[in-house]
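Encoded as structure tokens, the structure appears first; notes follow it.
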Amino acid sequence: MLDVIADALVDKGYIFLSDLVPHNISQVLLEKIQSTQAHELKAASIGRGAEQQLNPDIRRDRIQWLEEHNEPDAQYLELMTQLKNGLNRRLFMGLFDYESHYAVYQPGAFYKKHVDALKGSQNRILTTVFFLNPDWKAADCGELIIYDEADIEIERIAPKMGHFVIFLSERFPHEVTKTLAQRNSIAGWFRVSNSVHGF
């Protein structure tokens, strides 16, 4: 699987998988987010550093960061460590660490088109998105749309349970369409060693 991911990142810059995370881990992650109280989630911001701000016209999800000392976060983070190490061995990307958060979109929430990393900033190298939505229907909307560098749609992914996407952070604009049902995911970023947490 690591070879398949590495080859896709070289050839296309992204890959969509449906079987990367074992079902038992997916299930406990889902149970955790379903049991999380609303007050434990914080409104997600946009921008970095001094420019960080809340802007509900652009982004309306609520988040909670994963932490290594918590279960089942640790199980997912260990899988991402294995992915990081495998990609470093194959592609010499210099990936140093990984940060991630649960993202909960209540009905009506969305995230307009954006890029996860500024060109040349190297704060985020690879983006991952993992979906935790059993029984998701097309009518629920909430798709992840990935665009190429010419802003042409190249992939539209339903946020179904177990779907996993990884792509080059500064290369692909993407958005979350307005969801009509609660939409759960884990968004994450592999970074290089000169990155600063949260920025």
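Residue numbering restarts at 1 for every chain of the structure tokens, chains are lettered A, B, ... in their displayed order, and ligands are numbered from 1 as they appear.
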
For this session: For A:Trp136, work out the shell of residues within 9 Å, counting only C-alpha atoms and skipping chain neighbours fewer than 6 positions away, then give it as a PyMOL selection string.
Result: chain A and resi 158-161+181+183

For this session: List every residue of stretch 28-183 of chain A that DSSP, applied to the backbone, labels as strand (DSSP E or B), and write the result as a count of residues only.
Result: 48

Exercise. Restricting the calculation to only C-alpha atoms, which member of A:Ile166, A:Leu17, A:Ala109, A:Leu126 is positioned closest to A:Glu143?
Worked result: A:Ala109

Problem set entry | DSSP helix (DSSP H, G or I) residues within chain A, as a count of residues only | 51

For this session: Quick one: everything within 9 Å of stretch 81-98 of chain A, counting only C-alpha atoms, minus sequence neighbours fewer than 5 positions away in the same chain. Send it as JSON, numbers by chain.
Result: {"A": [2, 3, 5, 6, 10, 76, 125, 126, 188, 189, 190, 191, 192, 193, 194, 195]}

Problem set entry | Spatial neighbours of stretch 56-63 of chain A, max dist 8 Å, only C-alpha atoms, sep filter under 4 positions, as number ranges by chain | A: 41-46, 101-106, 109-112

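Distances from A:Lys178, A:Arg171, A:Arg124, A:His69 to A:Asp140 were compared using only C-alpha atoms, and the smallest one belongs to A:Lys178.
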
Contacts of stretch 144-151 of chain A at 12 Å or less, counting only C-alpha atoms, minus same-chain residues fewer than 6 places along, as a CSV table (one decimal) with N, CA, C and O atoms, in the first residue's frame?
```csv
chain,number,residue,atom,x,y,z
A,12,LYS,N,0.5,11.9,-9.6
A,12,LYS,CA,-0.7,12.8,-9.6
A,12,LYS,C,-0.7,13.9,-8.5
A,12,LYS,O,-1.3,14.9,-8.6
A,13,GLY,N,0.0,13.6,-7.5
A,13,GLY,CA,0.1,14.5,-6.3
A,13,GLY,C,-1.0,14.2,-5.3
A,13,GLY,O,-1.1,14.9,-4.3
A,14,TYR,N,-1.9,13.2,-5.5
A,14,TYR,CA,-2.9,12.9,-4.6
A,14,TYR,C,-3.4,11.4,-4.8
A,14,TYR,O,-3.1,10.8,-5.9
A,15,ILE,N,-4.0,10.9,-3.8
A,15,ILE,CA,-4.6,9.6,-3.9
A,15,ILE,C,-5.8,9.4,-3.0
A,15,ILE,O,-5.8,10.0,-1.9
A,16,PHE,N,-6.8,8.7,-3.4
A,16,PHE,CA,-8.1,8.5,-2.7
A,16,PHE,C,-8.1,7.0,-2.4
A,16,PHE,O,-8.0,6.2,-3.3
A,110,PHE,N,-20.0,24.3,6.0
A,110,PHE,CA,-19.2,24.2,4.8
A,110,PHE,C,-17.8,24.8,5.0
A,110,PHE,O,-17.5,25.4,6.1
A,111,TYR,N,-16.9,24.6,4.0
A,111,TYR,CA,-15.6,25.2,4.1
A,111,TYR,C,-15.3,25.6,2.6
A,111,TYR,O,-15.0,24.7,1.8
A,112,LYS,N,-15.2,26.9,2.3
A,112,LYS,CA,-15.0,27.3,0.9
A,112,LYS,C,-13.6,27.0,0.5
A,112,LYS,O,-12.7,26.7,1.2
A,113,LYS,N,-13.5,27.1,-0.9
A,113,LYS,CA,-12.2,26.7,-1.5
A,113,LYS,C,-11.0,27.4,-0.9
A,113,LYS,O,-11.0,28.6,-0.6
A,114,HIS,N,-10.0,26.6,-0.6
A,114,HIS,CA,-8.8,27.1,0.1
A,114,HIS,C,-7.6,26.2,-0.2
A,114,HIS,O,-7.8,25.1,-0.7
A,115,VAL,N,-6.4,26.7,0.1
A,115,VAL,CA,-5.2,25.9,0.0
A,115,VAL,C,-4.6,25.8,1.4
A,115,VAL,O,-4.6,26.7,2.2
A,116,ASP,N,-4.1,24.6,1.8
A,116,ASP,CA,-3.6,24.4,3.2
A,116,ASP,C,-2.3,24.9,3.4
A,116,ASP,O,-1.9,25.1,4.6
A,119,LYS,N,2.4,28.9,-0.9
A,119,LYS,CA,3.5,28.5,-1.8
A,119,LYS,C,4.9,28.8,-1.2
A,119,LYS,O,5.2,29.9,-0.7
A,127,THR,N,-1.4,16.9,3.0
A,127,THR,CA,-2.7,17.0,3.7
A,127,THR,C,-3.4,15.6,3.7
A,127,THR,O,-3.3,14.9,2.7
A,128,THR,N,-4.0,15.2,4.8
A,128,THR,CA,-4.8,14.0,4.9
A,128,THR,C,-6.2,14.3,5.3
A,128,THR,O,-6.4,15.2,6.2
A,129,VAL,N,-7.2,13.6,4.8
A,129,VAL,CA,-8.6,13.7,5.3
A,129,VAL,C,-9.1,12.3,5.4
A,129,VAL,O,-9.1,11.5,4.4
A,130,PHE,N,-9.6,12.0,6.6
A,130,PHE,CA,-10.2,10.6,6.8
A,130,PHE,C,-11.7,10.8,7.3
A,130,PHE,O,-11.9,11.6,8.2
A,131,PHE,N,-12.6,10.1,6.7
A,131,PHE,CA,-14.0,10.3,6.9
A,131,PHE,C,-14.6,9.3,7.9
A,131,PHE,O,-14.3,8.1,7.8
A,157,ILE,N,-15.3,13.7,-3.7
A,157,ILE,CA,-15.2,12.5,-2.8
A,157,ILE,C,-16.4,12.6,-1.8
A,157,ILE,O,-16.4,13.6,-1.0
A,158,ALA,N,-17.2,11.6,-1.8
A,158,ALA,CA,-18.2,11.6,-0.7
A,158,ALA,C,-17.6,11.2,0.6
A,158,ALA,O,-16.7,10.4,0.6
A,159,PRO,N,-18.0,11.8,1.7
A,159,PRO,CA,-17.4,11.6,3.0
A,159,PRO,C,-17.8,10.3,3.7
A,159,PRO,O,-18.2,10.3,4.9
A,160,LYS,N,-17.8,9.2,3.0
A,160,LYS,CA,-18.2,8.0,3.5
A,160,LYS,C,-17.2,7.3,4.5
A,160,LYS,O,-16.0,7.5,4.3
A,163,HIS,N,-13.3,6.3,3.9
A,163,HIS,CA,-12.6,7.0,2.8
A,163,HIS,C,-11.4,7.9,3.4
A,163,HIS,O,-11.6,8.6,4.4
A,164,PHE,N,-10.3,7.8,2.7
A,164,PHE,CA,-9.1,8.5,3.1
A,164,PHE,C,-8.5,9.1,1.9
A,164,PHE,O,-8.3,8.5,0.8
A,165,VAL,N,-8.1,10.4,2.0
A,165,VAL,CA,-7.5,11.2,0.9
A,165,VAL,C,-6.2,11.7,1.4
A,165,VAL,O,-6.1,12.2,2.5
A,166,ILE,N,-5.1,11.7,0.6
A,166,ILE,CA,-3.9,12.4,0.9
A,166,ILE,C,-3.4,13.1,-0.4
A,166,ILE,O,-3.5,12.6,-1.5
A,167,PHE,N,-3.0,14.4,-0.2
A,167,PHE,CA,-2.6,15.2,-1.3
A,167,PHE,C,-1.5,16.2,-0.9
A,167,PHE,O,-1.4,16.6,0.3
A,168,LEU,N,-0.8,16.7,-1.9
A,168,LEU,CA,0.2,17.8,-1.7
A,168,LEU,C,-0.5,19.1,-1.2
A,168,LEU,O,-1.3,19.6,-2.0
A,169,SER,N,-0.1,19.6,-0.1
A,169,SER,CA,-0.8,20.6,0.6
A,169,SER,C,-0.9,21.9,-0.2
A,169,SER,O,-1.9,22.6,-0.3
A,170,GLU,N,0.3,22.3,-0.8
A,170,GLU,CA,0.3,23.6,-1.5
A,170,GLU,C,-0.1,23.6,-2.9
A,170,GLU,O,-0.3,24.6,-3.6
A,171,ARG,N,-0.4,22.4,-3.4
A,171,ARG,CA,-0.7,22.2,-4.9
A,171,ARG,C,-2.2,22.2,-5.2
A,171,ARG,O,-2.6,22.6,-6.3
A,172,PHE,N,-3.0,21.7,-4.2
A,172,PHE,CA,-4.4,21.5,-4.6
A,172,PHE,C,-5.4,22.3,-3.7
A,172,PHE,O,-5.6,22.0,-2.6
A,173,PRO,N,-6.1,23.3,-4.4
A,173,PRO,CA,-7.2,24.0,-3.7
A,173,PRO,C,-8.3,22.9,-3.5
A,173,PRO,O,-8.4,22.0,-4.3
A,174,HIS,N,-9.1,23.1,-2.4
A,174,HIS,CA,-10.1,22.1,-2.1
A,174,HIS,C,-11.2,22.8,-1.3
A,174,HIS,O,-11.0,23.9,-0.7
A,175,GLU,N,-12.4,22.2,-1.3
A,175,GLU,CA,-13.5,22.8,-0.5
A,175,GLU,C,-14.4,21.6,0.0
A,175,GLU,O,-14.3,20.5,-0.5
A,176,VAL,N,-15.2,22.0,1.0
A,176,VAL,CA,-16.2,21.1,1.5
A,176,VAL,C,-17.5,21.8,1.2
A,176,VAL,O,-17.8,22.9,1.7
A,177,THR,N,-18.4,21.1,0.4
A,177,THR,CA,-19.7,21.6,0.1
A,177,THR,C,-20.6,21.6,1.3
A,177,THR,O,-20.4,20.8,2.2
A,178,LYS,N,-21.6,22.4,1.3
A,178,LYS,CA,-22.5,22.5,2.4
A,178,LYS,C,-23.1,21.1,2.7
A,178,LYS,O,-23.6,20.5,1.8
A,179,THR,N,-23.0,20.7,3.9
A,179,THR,CA,-23.5,19.4,4.3
A,179,THR,C,-25.0,19.5,4.8
A,179,THR,O,-25.3,20.5,5.4
A,183,ARG,N,-21.4,15.8,9.6
A,183,ARG,CA,-20.3,15.2,8.8
A,183,ARG,C,-19.1,15.2,9.7
A,183,ARG,O,-18.6,16.3,10.1
A,185,SER,N,-15.0,14.1,10.3
A,185,SER,CA,-13.7,13.7,9.6
A,185,SER,C,-12.6,14.0,10.5
A,185,SER,O,-12.7,14.6,11.6
A,187,ALA,N,-8.9,15.8,9.8
A,187,ALA,CA,-8.0,16.5,8.9
A,187,ALA,C,-6.6,16.5,9.5
A,187,ALA,O,-6.5,16.7,10.7
```

Exercise. Could you name the residues that touch stretch 27-30 of chain A at 10 Å or less, counting only C-alpha atoms, but leaving out those on the same chain fewer than 2 positions away, as a VMD selection string?
Worked result: chain A and resid 22 to 25 32 to 35 71 to 73 75 to 76 102 131 to 134 161 to 162 184 to 186

Problem set entry | Counting only C-alpha atoms, the residue of A:Arg48, A:Ala38, A:Asp7, A:Gly142 that sits nearest A:Gly108 | A:Gly142

Exercise. In Å, with one decimal, what is the gap from atom CA of A:Ala139 to atom CA of A:Glu31?
Worked result: 23.5 Å
